[in-house]
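Dumped entry.cif below, it's mmCIF, C-alpha atoms and all ligand atoms:
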data_work
loop_
_atom_site.label_atom_id
_atom_site.label_comp_id
_atom_site.auth_asym_id
_atom_site.auth_seq_id
_atom_site.Cartn_x
_atom_site.Cartn_y
_atom_site.Cartn_z
CA MET P 10 78.13 126.77 104.45
CA PHE P 11 81.10 125.05 106.11
CA ALA P 12 80.34 125.70 109.78
CA ASP P 13 79.72 122.03 110.61
CA LEU P 14 82.44 120.58 108.43
CA LEU P 15 84.95 118.40 110.25
CA PRO P 16 88.52 117.97 109.01
CA ALA P 17 89.34 114.85 107.00
CA ALA P 18 90.90 111.88 108.76
CA LYS P 19 94.64 111.66 108.19
CA ASP P 20 95.67 109.54 105.21
CA PRO P 21 97.16 106.32 106.62
CA ILE P 22 100.05 106.28 104.12
CA LEU P 23 100.84 109.92 103.38
CA SER P 24 100.57 111.12 107.00
CA GLN P 25 103.38 108.83 108.25
CA SER P 26 105.98 110.39 105.97
CA PHE P 27 104.88 113.85 107.01
CA ILE P 28 105.20 112.99 110.72
CA CYS P 29 108.61 111.41 110.07
CA GLN P 30 109.82 114.57 108.31
CA GLN P 31 108.89 116.61 111.43
CA ASP P 32 110.71 114.16 113.74
CA PRO P 33 113.83 116.05 115.01
CA ARG P 34 115.81 112.87 115.83
CA ALA P 35 118.93 112.46 113.68
CA LYS P 36 118.48 108.70 113.26
CA LYS P 37 115.07 107.97 111.79
CA LEU P 38 113.73 105.58 109.16
CA ASP P 39 110.84 106.52 106.89
CA LEU P 40 109.58 103.14 105.69
CA GLY P 41 106.03 104.34 105.09
CA ILE P 42 105.10 105.73 101.70
CA GLY P 43 105.94 103.58 98.68
CA VAL P 44 108.87 105.50 97.24
CA TYR P 45 112.16 103.98 96.07
CA ARG P 46 115.32 105.41 97.62
CA ASN P 47 118.84 104.44 96.56
CA GLU P 48 121.76 103.59 98.89
CA GLN P 49 122.27 107.34 99.45
CA GLY P 50 118.67 107.66 100.60
CA VAL P 51 117.73 109.63 97.47
CA THR P 52 114.81 109.05 95.10
CA PRO P 53 116.71 109.65 91.88
CA VAL P 54 115.50 110.99 88.56
CA LEU P 55 116.43 108.05 86.32
CA SER P 56 119.14 108.73 83.75
CA SER P 57 116.82 107.49 80.95
CA VAL P 58 114.23 110.01 82.17
CA LYS P 59 116.79 112.85 82.16
CA LYS P 60 117.75 111.98 78.58
CA ALA P 61 114.11 111.85 77.48
CA GLU P 62 113.50 115.24 79.15
CA THR P 63 116.50 116.72 77.34
CA GLN P 64 115.08 115.49 74.03
CA LEU P 65 111.66 116.88 74.87
CA LEU P 66 113.08 120.27 75.80
CA ALA P 67 114.81 120.45 72.44
CA THR P 68 111.91 119.23 70.31
CA GLN P 69 108.64 120.15 71.99
CA ASP P 70 107.14 123.03 70.02
CA SER P 71 103.75 123.51 71.65
CA LYS P 72 101.93 123.35 74.97
CA ALA P 73 98.49 123.23 73.33
CA TYR P 74 95.94 120.73 74.67
CA VAL P 75 96.56 117.11 73.77
CA GLY P 76 93.10 115.55 74.24
CA LEU P 77 90.82 113.85 76.75
CA ALA P 78 92.58 110.49 76.36
CA GLY P 79 96.01 112.08 76.70
CA CYS P 80 98.78 111.02 74.36
CA GLU P 81 97.77 108.03 72.22
CA ARG P 82 101.40 107.16 71.52
CA PHE P 83 101.90 106.85 75.29
CA ASN P 84 98.71 104.77 75.55
CA ASN P 85 99.83 102.38 72.81
CA ALA P 86 103.35 102.03 74.23
CA MET P 87 101.96 101.30 77.70
CA ILE P 88 99.48 98.72 76.37
CA THR P 89 102.40 96.94 74.67
CA LEU P 90 104.44 97.08 77.90
CA LEU P 91 101.56 95.52 79.80
CA LEU P 92 100.30 92.95 77.27
CA GLY P 93 103.60 92.16 75.55
CA ARG P 94 104.60 92.44 71.90
CA ASP P 95 103.14 89.02 71.13
CA SER P 96 99.65 89.77 72.40
CA THR P 97 96.86 88.69 70.08
CA ARG P 98 94.40 91.18 71.52
CA THR P 99 93.24 93.88 69.12
CA GLU P 100 90.30 95.21 71.14
CA VAL P 101 92.36 96.96 73.82
CA VAL P 102 92.37 100.74 74.25
CA GLY P 103 93.73 103.14 76.85
CA VAL P 104 93.18 106.50 78.48
CA GLN P 105 96.15 108.34 79.97
CA THR P 106 95.38 109.29 83.56
CA PRO P 107 96.83 111.32 86.42
CA GLY P 108 98.73 108.44 88.05
CA GLY P 109 97.52 104.94 88.82
CA SER P 110 95.04 106.32 91.36
CA GLY P 111 93.47 108.45 88.62
CA ALA P 112 93.10 105.29 86.51
CA LEU P 113 91.52 103.39 89.41
CA ARG P 114 89.02 106.20 89.94
CA LEU P 115 88.05 106.62 86.28
CA LEU P 116 87.58 102.88 85.88
CA ALA P 117 85.51 102.79 89.08
CA ASP P 118 83.42 105.67 87.69
CA VAL P 119 82.69 103.82 84.47
CA ILE P 120 81.74 100.65 86.38
CA ALA P 121 79.38 102.71 88.57
CA LEU P 122 77.90 104.33 85.48
CA THR P 123 77.18 100.94 83.91
CA ASN P 124 76.19 99.04 87.05
CA PRO P 125 75.61 101.17 90.17
CA ASN P 126 74.95 97.99 92.19
CA ALA P 127 78.29 96.39 91.37
CA THR P 128 80.43 95.17 94.25
CA VAL P 129 84.19 95.51 93.99
CA TRP P 130 85.95 92.67 95.79
CA LEU P 131 89.29 93.67 97.28
CA SER P 132 91.96 91.42 98.72
CA ASP P 133 92.09 91.31 102.51
CA LEU P 134 94.51 93.12 102.99
CA SER P 135 94.67 95.61 100.13
CA TYR P 136 96.16 99.00 99.21
CA ALA P 137 94.78 101.50 101.73
CA ASN P 138 93.40 103.75 98.99
CA HIS P 139 91.50 101.04 97.08
CA ALA P 140 88.36 101.09 99.26
CA PRO P 141 88.15 104.93 99.45
CA ILE P 142 88.47 105.21 95.66
CA MET P 143 85.81 102.56 94.97
CA LYS P 144 83.45 103.96 97.60
CA SER P 145 83.89 107.54 96.32
CA ALA P 146 82.73 106.29 92.94
CA GLY P 147 79.60 104.93 94.67
CA LEU P 148 80.52 101.25 94.43
CA ASN P 149 80.02 98.62 97.11
CA VAL P 150 83.20 97.15 98.54
CA ALA P 151 83.67 93.63 99.90
CA TYR P 152 86.76 91.56 100.66
CA TYR P 153 88.00 88.13 99.59
CA PRO P 154 90.43 86.30 101.91
CA TYR P 155 94.01 86.83 100.79
CA PHE P 156 96.86 87.21 103.26
CA ASP P 157 97.54 84.53 105.82
CA ALA P 158 98.98 86.46 108.75
CA ILE P 159 100.76 83.39 110.17
CA SER P 160 102.47 82.00 107.06
CA LYS P 161 102.74 85.49 105.42
CA THR P 162 101.65 83.90 102.14
CA VAL P 163 98.49 84.05 100.04
CA ASN P 164 95.72 81.76 101.24
CA GLU P 165 94.79 80.82 97.68
CA PRO P 166 92.26 78.08 98.55
CA ALA P 167 90.24 80.51 100.72
CA MET P 168 90.55 83.26 98.11
CA LEU P 169 89.41 81.00 95.27
CA ASP P 170 86.53 79.60 97.38
CA THR P 171 85.14 83.12 97.77
CA ILE P 172 85.71 84.12 94.15
CA ALA P 173 83.97 80.90 93.05
CA LYS P 174 80.71 82.36 94.40
CA LEU P 175 80.88 85.63 92.42
CA GLY P 176 78.95 86.53 89.30
CA LYS P 177 77.96 89.21 86.82
CA ASN P 178 77.47 92.05 89.34
CA ASP P 179 80.90 91.50 90.84
CA VAL P 180 84.27 93.05 90.09
CA VAL P 181 87.40 91.30 91.37
CA LEU P 182 90.29 93.66 91.94
CA LEU P 183 93.60 91.81 91.60
CA HIS P 184 97.12 93.11 92.12
CA GLY P 185 99.09 92.35 88.95
CA CYS P 186 102.32 91.87 90.92
CA CYS P 187 104.17 93.08 94.03
CA HIS P 188 101.05 93.01 96.17
CA ASN P 189 100.47 96.21 98.15
CA PRO P 190 100.69 96.05 101.15
CA THR P 191 101.62 92.42 101.81
CA GLY P 192 104.37 91.60 99.28
CA ALA P 193 102.75 88.15 98.82
CA ASP P 194 101.86 87.50 95.17
CA LEU P 195 99.43 85.12 93.50
CA SER P 196 100.84 81.98 91.91
CA TYR P 197 100.61 81.49 88.15
CA ALA P 198 98.24 78.58 88.82
CA ALA P 199 95.89 80.92 90.71
CA TRP P 200 95.83 83.31 87.72
CA GLN P 201 94.91 80.35 85.53
CA THR P 202 92.08 79.31 87.86
CA ILE P 203 90.74 82.89 88.09
CA THR P 204 90.83 83.10 84.29
CA ASP P 205 88.63 80.00 84.01
CA MET P 206 86.31 81.26 86.75
CA THR P 207 85.72 84.64 85.15
CA ASN P 208 84.91 83.06 81.80
CA VAL P 209 82.36 80.73 83.42
CA GLN P 210 80.92 83.04 86.11
CA GLY P 211 81.06 86.40 84.34
CA PHE P 212 82.62 88.62 87.02
CA LEU P 213 84.82 91.46 85.81
CA PRO P 214 88.58 91.29 86.50
CA PHE P 215 90.05 94.69 87.42
CA ILE P 216 93.82 94.56 87.67
CA ASP P 217 95.98 97.12 89.44
CA ILE P 218 99.58 97.02 88.14
CA ALA P 219 101.59 99.71 89.87
CA TYR P 220 104.93 97.94 90.35
CA GLN P 221 105.75 96.19 87.07
CA GLY P 222 109.48 95.39 87.14
CA PHE P 223 109.90 95.56 90.93
CA GLY P 224 109.24 91.86 91.57
CA ARG P 225 110.98 89.33 89.32
CA GLY P 226 111.35 91.36 86.11
CA MET P 227 109.43 93.53 83.66
CA GLU P 228 108.07 90.53 81.71
CA GLU P 229 107.99 88.00 84.55
CA ASP P 230 105.87 90.26 86.78
CA VAL P 231 102.96 90.30 84.33
CA ALA P 232 103.05 86.63 83.27
CA GLY P 233 99.93 85.76 85.30
CA PHE P 234 98.10 88.86 84.15
CA ARG P 235 99.00 88.16 80.51
CA TYR P 236 97.61 84.64 80.81
CA LEU P 237 94.29 86.17 81.84
CA ALA P 238 94.50 89.05 79.34
CA GLU P 239 94.79 86.67 76.38
CA ARG P 240 91.80 84.56 77.45
CA VAL P 241 89.25 86.84 79.12
CA PRO P 242 87.34 89.11 76.71
CA THR P 243 86.53 91.94 79.11
CA TYR P 244 88.84 93.25 81.79
CA LEU P 245 90.15 96.57 83.10
CA VAL P 246 93.68 97.58 84.12
CA ALA P 247 94.96 100.55 86.11
CA SER P 248 98.69 101.01 85.71
CA SER P 249 101.19 103.55 86.99
CA CYS P 250 104.59 104.93 85.96
CA SER P 251 105.23 106.36 89.43
CA LYS P 252 107.48 103.56 90.62
CA ASN P 253 109.07 101.88 87.61
CA VAL P 254 109.84 105.14 85.81
CA GLY P 255 110.21 107.08 89.07
CA LEU P 256 107.68 109.69 87.90
CA TYR P 257 105.87 109.97 91.24
CA ARG P 258 105.09 113.68 91.12
CA GLU P 259 104.40 113.76 87.38
CA ARG P 260 101.18 111.76 87.93
CA THR P 261 101.50 109.40 84.97
CA GLY P 262 99.24 106.39 84.57
CA ILE P 263 96.84 104.63 82.26
CA ALA P 264 93.38 103.09 82.36
CA VAL P 265 93.24 100.13 79.97
CA ILE P 266 90.00 98.68 78.67
CA ALA P 267 89.64 95.31 76.91
CA SER P 268 86.31 93.98 75.69
CA SER P 269 84.93 91.59 73.10
CA SER P 270 85.01 94.14 70.27
CA LEU P 271 86.98 97.25 69.45
CA ALA P 272 83.69 99.16 69.08
CA GLN P 273 82.69 98.25 72.64
CA SER P 274 86.13 99.13 74.03
CA GLU P 275 85.93 102.52 72.26
CA CYS P 276 82.44 103.02 73.70
CA ILE P 277 83.73 102.36 77.25
CA LYS P 278 86.69 104.64 76.53
CA SER P 279 84.35 107.45 75.45
CA ARG P 280 82.49 107.21 78.76
CA ILE P 281 85.81 107.27 80.66
CA MET P 282 86.81 110.42 78.76
CA GLU P 283 83.43 111.90 79.68
CA CYS P 284 84.19 111.19 83.37
CA ALA P 285 87.61 112.81 82.92
CA ARG P 286 86.04 115.87 81.26
CA SER P 287 83.75 116.45 84.22
CA THR P 288 86.58 116.17 86.76
CA TYR P 289 89.95 117.41 85.46
CA THR P 290 89.46 117.41 81.63
CA MET P 291 92.92 116.22 80.53
CA PRO P 292 95.85 114.51 82.20
CA PRO P 293 99.18 116.35 82.61
CA ASP P 294 101.45 115.75 79.62
CA HIS P 295 105.04 115.82 80.82
CA GLY P 296 105.30 112.38 82.44
CA ALA P 297 103.54 110.65 79.55
CA ALA P 298 105.79 112.43 77.06
CA ILE P 299 108.83 111.11 78.96
CA VAL P 300 107.50 107.54 78.99
CA ARG P 301 106.57 107.65 75.32
CA THR P 302 110.04 109.00 74.44
CA ILE P 303 111.70 106.16 76.37
CA LEU P 304 109.47 103.36 75.10
CA GLU P 305 109.69 104.43 71.45
CA ASP P 306 113.50 104.50 71.49
CA ALA P 307 115.27 101.12 71.71
CA SER P 308 118.40 102.47 73.35
CA LEU P 309 116.50 104.54 75.94
CA THR P 310 114.29 101.53 76.65
CA ALA P 311 117.36 99.36 77.23
CA GLU P 312 118.83 101.98 79.57
CA TRP P 313 115.55 102.28 81.48
CA LEU P 314 115.25 98.48 81.84
CA THR P 315 118.78 98.38 83.26
CA GLU P 316 117.85 101.08 85.77
CA VAL P 317 114.70 99.20 86.82
CA THR P 318 116.82 96.06 87.25
CA GLN P 319 119.21 98.00 89.49
CA MET P 320 116.34 99.28 91.64
CA ARG P 321 114.77 95.80 91.86
CA GLU P 322 118.07 94.13 92.74
CA ARG P 323 118.80 96.70 95.44
CA VAL P 324 115.42 96.05 97.05
CA GLN P 325 115.97 92.28 96.82
CA SER P 326 119.39 92.64 98.37
CA VAL P 327 118.04 94.73 101.26
CA ARG P 328 115.33 92.09 101.77
CA THR P 329 117.99 89.37 101.98
CA SER P 330 120.14 91.41 104.39
CA LEU P 331 117.24 92.22 106.71
CA ALA P 332 115.97 88.62 106.79
CA SER P 333 119.48 87.42 107.55
CA ALA P 334 120.08 90.05 110.29
CA LEU P 335 116.76 89.12 111.90
CA ARG P 336 117.62 85.41 111.70
CA ILE P 337 120.80 86.08 113.66
CA LYS P 338 119.27 88.50 116.18
CA THR P 339 116.14 86.47 116.95
CA GLY P 340 117.67 83.02 116.52
CA THR P 341 114.58 82.11 114.50
CA TYR P 342 113.43 81.92 110.90
CA GLN P 343 110.27 83.88 111.63
CA PHE P 344 111.24 86.81 109.40
CA ASP P 345 112.41 84.79 106.39
CA PHE P 346 109.25 85.77 104.54
CA ILE P 347 110.81 89.24 104.04
CA GLU P 348 113.26 87.65 101.62
CA GLN P 349 110.55 85.75 99.78
CA HIS P 350 108.11 88.61 99.27
CA GLN P 351 108.04 90.62 96.05
CA GLY P 352 108.19 94.34 95.34
CA MET P 353 108.45 97.31 97.65
CA PHE P 354 106.40 96.13 100.62
CA SER P 355 105.97 93.46 103.25
CA VAL P 356 103.43 93.32 106.02
CA ILE P 357 105.63 92.27 108.90
CA GLY P 358 103.02 91.54 111.55
CA THR P 359 103.47 94.39 114.00
CA ASN P 360 100.43 95.32 116.09
CA ASP P 361 99.43 98.92 116.88
CA ASP P 362 101.35 98.96 120.15
CA GLN P 363 104.53 97.67 118.47
CA LEU P 364 104.16 100.25 115.69
CA LYS P 365 103.87 102.97 118.33
CA ARG P 366 107.00 101.73 120.10
CA LEU P 367 108.90 101.59 116.81
CA ARG P 368 107.88 105.19 116.14
CA GLU P 369 108.30 106.63 119.62
CA ASP P 370 111.29 104.67 120.93
CA HIS P 371 113.23 104.14 117.69
CA ALA P 372 111.99 106.72 115.11
CA VAL P 373 111.07 103.91 112.72
CA TYR P 374 107.97 104.77 110.70
CA LEU P 375 105.80 102.11 109.06
CA VAL P 376 102.24 102.32 107.76
CA GLY P 377 99.38 101.16 110.04
CA GLY P 378 98.85 97.39 109.80
CA GLY P 379 102.63 96.96 109.73
CA ARG P 380 103.44 97.65 106.05
CA MET P 381 107.16 98.22 105.60
CA ASN P 382 108.59 99.88 102.48
CA LEU P 383 111.77 97.87 101.89
CA ALA P 384 112.52 100.07 98.87
CA GLY P 385 113.12 102.95 101.28
CA LEU P 386 115.68 101.05 103.40
CA GLN P 387 119.45 101.36 102.99
CA GLU P 388 121.99 98.60 103.74
CA ARG P 389 123.63 100.85 106.33
CA ASP P 390 120.38 100.85 108.38
CA VAL P 391 119.63 97.12 108.20
CA GLU P 392 121.37 96.26 111.49
CA TYR P 393 119.66 99.14 113.29
CA LEU P 394 116.24 98.15 111.96
CA ALA P 395 116.79 94.49 112.82
CA GLU P 396 117.72 95.52 116.37
CA CYS P 397 114.61 97.75 116.68
CA LEU P 398 112.30 95.04 115.32
CA THR P 399 113.83 92.45 117.62
CA ASN P 400 113.36 94.76 120.62
CA VAL P 401 109.76 95.45 119.80
CA MET P 402 108.57 92.15 118.35
CA ALA P 403 110.65 89.23 119.47
CA ARG P 404 111.67 90.05 123.04
C1 LIG M 1 101.87 103.74 98.44
O1 LIG M 1 101.14 102.74 98.49
O2 LIG M 1 102.62 104.07 99.36
C2 LIG M 1 101.89 104.58 97.20
O3 LIG M 1 101.13 103.99 96.21
C3 LIG M 1 101.57 106.00 97.45
C4 LIG M 1 100.10 106.28 97.51
O4 LIG M 1 99.62 107.09 96.74
O5 LIG M 1 99.41 105.71 98.34
#
Since I need it in another form, could you write the structure as structure tokens?
Amino acid sequence: MFADLLPAAKDPILSQSFICQQDPRAKKLDLGIGVYRNEQGVTPVLSSVKKAETQLLATQDSKAYVGLAGCERFNNAMITLLLGRDSTRTEVVGVQTPGGSGALRLLADVIALTNPNATVWLSDLSYANHAPIMKSAGLNVAYYPYFDAISKTVNEPAMLDTIAKLGKNDVVLLHGCCHNPTGADLSYAAWQTITDMTNVQGFLPFIDIAYQGFGRGMEEDVAGFRYLAERVPTYLVASSCSKNVGLYRERTGIAVIASSSLAQSECIKSRIMECARSTYTMPPDHGAAIVRTILEDASLTAEWLTEVTQMRERVQSVRTSLASALRIKTGTYQFDFIEQHQGMFSVIGTNDDQLKRLREDHAVYLVGGGRMNLAGLQERDVEYLAECLTNVMAR
């Protein structure tokens, strides 16, 4: 049966961390996988999460199945977090999923079920797992221009020119905030234009929000998305609690469906639950129970928001330090974009040879294409990293 089977290609994100772990050198920097680490280099369990877990331990009285859509209290709390308390939308439903990737896949499955010829348009560049997920669901993948490698900003005119040509068989995948991998986010004006375009042209917006709170703030990060969400009848969202609640290994996410009527949203939801049933049946409960416990309790929510602010501010501070160290070392402003980007990542413009030299000569690990996880960098390593980057890129 398996005689001719070849091993899978290494995952471009996950493999780097594994190789870094095997690296025997004492001084090494794992800036690959998107995981937050504090100044001690630790990915902490948030204090709000610990408190929620303590409550759950004391009160949970059953491990019986929850249901195909997971915990509806979690789903409702997450929809409110995404859309805001003032949202006027009443036709929005959710399905709890195993992480944000699980949400992306289920939503891709339901698109493929409805329209097998649909094309999902991804930003160029995009999250390395977007294309594999969409293709595994049987969807076509195409790219709209996004990142300008010279200015390190979004080329919005080129992006909007391409999207202006799309129609009913097209799905436009947008990053809600903290663009992965580039760190360059859409302007509010671009969200407004895309909102108008979708209403006229009929393409489906599919929004991936995996880093809410890591850019400018929990509310600020979804301002553009909320503009669209209040004005476009039908859209899909994949969201994750891996980063902002630090629940990476608990695989906690949500697929959100909005359409022109509650009946239609429930219909789409039923088909998503059918897809879930034929793959893993139900999502794991623990992470969702933690999130629901936090979001339903005002004091735990306040504590969690403070913890997210601390994580965000640490990443922003490391960005500022690295940009400043590189300004001094290179005598140029060429790395100032690091300070302006949002969220965990920046694409810093290293080519394959420079990435190899960073890895082999300096034990600095980035993802292919030059994505750097600033959320994994400590202040104590900023000088070292600036020196390594200057050696490899600017000299
Ligand atoms: C990342 O982009 O590094 C994370 O989202 C981890 C993953 O699953 O790819």
> Which protein, DNA or RNA residues have an atom within 8 Å of ligand LIG 1 (chain M), counting all atoms listed in the file, as a ChimeraX atom specification?
Replying inline: /P:22-23,41-44,110,136-138,189-190,219,382
Set the distance at 12 Å and use all atoms listed in the file: which residues neighbour Phe344 of chain P once local chain neighbours fewer than 2 positions away are removed? I'd like the list as a short mmCIF file (atom, residue, chain, number, x, y, z; two decimals) with C-alpha atoms, in the coordinates of the input.
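The new file result_25.cif reads:
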data_model
loop_
_atom_site.label_atom_id
_atom_site.label_comp_id
_atom_site.auth_asym_id
_atom_site.auth_seq_id
_atom_site.Cartn_x
_atom_site.Cartn_y
_atom_site.Cartn_z
CA ILE P 159 100.76 83.39 110.17
CA SER P 160 102.47 82.00 107.06
CA LYS P 161 102.74 85.49 105.42
CA ARG P 328 115.33 92.09 101.77
CA THR P 329 117.99 89.37 101.98
CA SER P 330 120.14 91.41 104.39
CA LEU P 331 117.24 92.22 106.71
CA ALA P 332 115.97 88.62 106.79
CA SER P 333 119.48 87.42 107.55
CA ALA P 334 120.08 90.05 110.29
CA LEU P 335 116.76 89.12 111.90
CA ARG P 336 117.62 85.41 111.70
CA ILE P 337 120.80 86.08 113.66
CA LYS P 338 119.27 88.50 116.18
CA THR P 339 116.14 86.47 116.95
CA GLY P 340 117.67 83.02 116.52
CA THR P 341 114.58 82.11 114.50
CA TYR P 342 113.43 81.92 110.90
CA PHE P 346 109.25 85.77 104.54
CA ILE P 347 110.81 89.24 104.04
CA GLU P 348 113.26 87.65 101.62
CA GLN P 349 110.55 85.75 99.78
CA HIS P 350 108.11 88.61 99.27
CA SER P 355 105.97 93.46 103.25
CA VAL P 356 103.43 93.32 106.02
CA ILE P 357 105.63 92.27 108.90
CA GLY P 358 103.02 91.54 111.55
CA THR P 359 103.47 94.39 114.00
CA ALA P 395 116.79 94.49 112.82
CA LEU P 398 112.30 95.04 115.32
CA THR P 399 113.83 92.45 117.62
CA MET P 402 108.57 92.15 118.35
CA ALA P 403 110.65 89.23 119.47
#
> Leaving out Glu283 of chain P and any residue of its chain fewer than 3 positions from it, which residues lie within 10 Å of it when counting only C-alpha atoms, given as a PyMOL selection string?
Replying inline: chain P and resi 77-78+115+119+277-280+286-288+290
May I have a table of the residues of segment 90-157 of chain P lying at most 9 Å from segment 254-260 of chain P, giving each one's closest pair of atoms and their distance in Å to one decimal, counting only C-alpha atoms, ordered by chain and ascending residue number, as JSON lines?
{"residue": "P:Thr106", "atom": "CA", "partner": "P:Arg260", "partner_atom": "CA", "distance": 7.7}
{"residue": "P:Pro107", "atom": "CA", "partner": "P:Arg260", "partner_atom": "CA", "distance": 4.6}
{"residue": "P:Gly108", "atom": "CA", "partner": "P:Arg260", "partner_atom": "CA", "distance": 4.1}
{"residue": "P:Gly109", "atom": "CA", "partner": "P:Arg260", "partner_atom": "CA", "distance": 7.8}
{"residue": "P:Ser110", "atom": "CA", "partner": "P:Arg260", "partner_atom": "CA", "distance": 8.9}
{"residue": "P:Gly111", "atom": "CA", "partner": "P:Arg260", "partner_atom": "CA", "distance": 8.4}
Using only the atoms of segment 149-155 of chain P listed in the file, plus 5 Å on each side, state the axis-aligned box centre and edge lengths in Å rounded to one decimal, as AutoDock Vina command-line options.
--center_x 87.0 --center_y 92.5 --center_z 99.5 --size_x 24.0 --size_y 22.3 --size_z 14.8
>> Nearest residue to Val180 of chain P out of P:Leu245, P:Ile281, P:Val51, P:Leu237, using only C-alpha atoms?
In response: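 Ranking P:Leu245, P:Ile281, P:Val51, P:Leu237 by distance to Val180 of chain P, first place goes to P:Leu245.
Between atom CA of Asn84 of chain P and atom CA of Ser145 of chain P the separation is 25.7 Å.
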> Distance atom CA of Phe83 of chain P-atom CA of Arg301 of chain P, one decimal place?
Replying inline: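 One can read the atom CA of Phe83 of chain P to atom CA of Arg301 of chain P distance as 4.7 Å.
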>> Quick one: residues within 12 Å of Ile203 of chain P, only C-alpha atoms, excluding same-chain residues fewer than 3 positions away - as JSON, numbers by chain?
In response: {"P": [165, 166, 168, 169, 170, 171, 172, 173, 174, 175, 181, 182, 183, 195, 196, 197, 198, 199, 200, 206, 207, 208, 209, 210, 211, 212, 213, 214, 215, 233, 234, 236, 237, 238, 240, 241]}
> For Lys60 of chain P, which residue among P:Ser274, P:Thr302, P:Ser135, P:Gln201 is the nearest when counting all atoms listed in the file?
Replying inline: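 Counting all atoms listed in the file, the residue closest to Lys60 of chain P is P:Thr302.
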> So how many Å separate atom CA of Ala158 of chain P and atom CA of Asp20 of chain P, to one decimal?
Replying inline: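 Rounded to one decimal, the two atoms are 23.6 Å apart.
Closest approach to Asn253 of chain P from the set P:Ser57, P:Gln25, P:Thr202, P:Thr162 is made by P:Ser57, with distances taken over all atoms listed in the file.
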Could N, CA, C and O atoms be built for segment 260-271 of chain P and written out as a PDB file, in the coordinates of the input?
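What ended up in result20.pdb:
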ATOM      1  N   ARG P 260     102.530 112.340  88.008  1.00  0.00           N
ATOM      2  CA  ARG P 260     101.180 111.760  87.930  1.00  0.00           C
ATOM      3  C   ARG P 260     100.919 111.164  86.545  1.00  0.00           C
ATOM      4  O   ARG P 260     100.172 111.725  85.723  1.00  0.00           O
ATOM      5  N   THR P 261     101.548 110.031  86.289  1.00  0.00           N
ATOM      6  CA  THR P 261     101.500 109.400  84.970  1.00  0.00           C
ATOM      7  C   THR P 261     100.976 107.969  85.099  1.00  0.00           C
ATOM      8  O   THR P 261     101.623 107.124  85.724  1.00  0.00           O
ATOM      9  N   GLY P 262      99.815 107.736  84.518  1.00  0.00           N
ATOM     10  CA  GLY P 262      99.240 106.390  84.570  1.00  0.00           C
ATOM     11  C   GLY P 262      98.330 106.161  83.393  1.00  0.00           C
ATOM     12  O   GLY P 262      98.187 107.014  82.512  1.00  0.00           O
ATOM     13  N   ILE P 263      97.715 104.972  83.383  1.00  0.00           N
ATOM     14  CA  ILE P 263      96.840 104.630  82.260  1.00  0.00           C
ATOM     15  C   ILE P 263      95.698 103.735  82.733  1.00  0.00           C
ATOM     16  O   ILE P 263      95.903 102.864  83.586  1.00  0.00           O
ATOM     17  N   ALA P 264      94.520 103.997  82.195  1.00  0.00           N
ATOM     18  CA  ALA P 264      93.380 103.090  82.360  1.00  0.00           C
ATOM     19  C   ALA P 264      93.263 102.309  81.063  1.00  0.00           C
ATOM     20  O   ALA P 264      93.160 102.909  79.990  1.00  0.00           O
ATOM     21  N   VAL P 265      93.307 100.982  81.160  1.00  0.00           N
ATOM     22  CA  VAL P 265      93.240 100.130  79.970  1.00  0.00           C
ATOM     23  C   VAL P 265      91.909  99.373  79.974  1.00  0.00           C
ATOM     24  O   VAL P 265      91.471  98.880  81.018  1.00  0.00           O
ATOM     25  N   ILE P 266      91.303  99.327  78.802  1.00  0.00           N
ATOM     26  CA  ILE P 266      90.000  98.680  78.670  1.00  0.00           C
ATOM     27  C   ILE P 266      90.105  97.616  77.579  1.00  0.00           C
ATOM     28  O   ILE P 266      90.494  97.923  76.449  1.00  0.00           O
ATOM     29  N   ALA P 267      89.730  96.375  77.925  1.00  0.00           N
ATOM     30  CA  ALA P 267      89.640  95.310  76.910  1.00  0.00           C
ATOM     31  C   ALA P 267      88.213  94.798  76.922  1.00  0.00           C
ATOM     32  O   ALA P 267      87.610  94.642  77.993  1.00  0.00           O
ATOM     33  N   SER P 268      87.661  94.564  75.753  1.00  0.00           N
ATOM     34  CA  SER P 268      86.310  93.980  75.690  1.00  0.00           C
ATOM     35  C   SER P 268      86.231  93.079  74.465  1.00  0.00           C
ATOM     36  O   SER P 268      87.238  92.875  73.767  1.00  0.00           O
ATOM     37  N   SER P 269      85.024  92.586  74.180  1.00  0.00           N
ATOM     38  CA  SER P 269      84.930  91.590  73.100  1.00  0.00           C
ATOM     39  C   SER P 269      84.993  92.196  71.710  1.00  0.00           C
ATOM     40  O   SER P 269      85.172  91.480  70.734  1.00  0.00           O
ATOM     41  N   SER P 270      84.850  93.519  71.592  1.00  0.00           N
ATOM     42  CA  SER P 270      85.010  94.140  70.270  1.00  0.00           C
ATOM     43  C   SER P 270      85.656  95.510  70.433  1.00  0.00           C
ATOM     44  O   SER P 270      85.517  96.153  71.479  1.00  0.00           O
ATOM     45  N   LEU P 271      86.350  95.942  69.391  1.00  0.00           N
ATOM     46  CA  LEU P 271      86.980  97.250  69.450  1.00  0.00           C
ATOM     47  C   LEU P 271      85.924  98.341  69.625  1.00  0.00           C
ATOM     48  O   LEU P 271      86.129  99.305  70.369  1.00  0.00           O
TER      49      LEU P 271
END
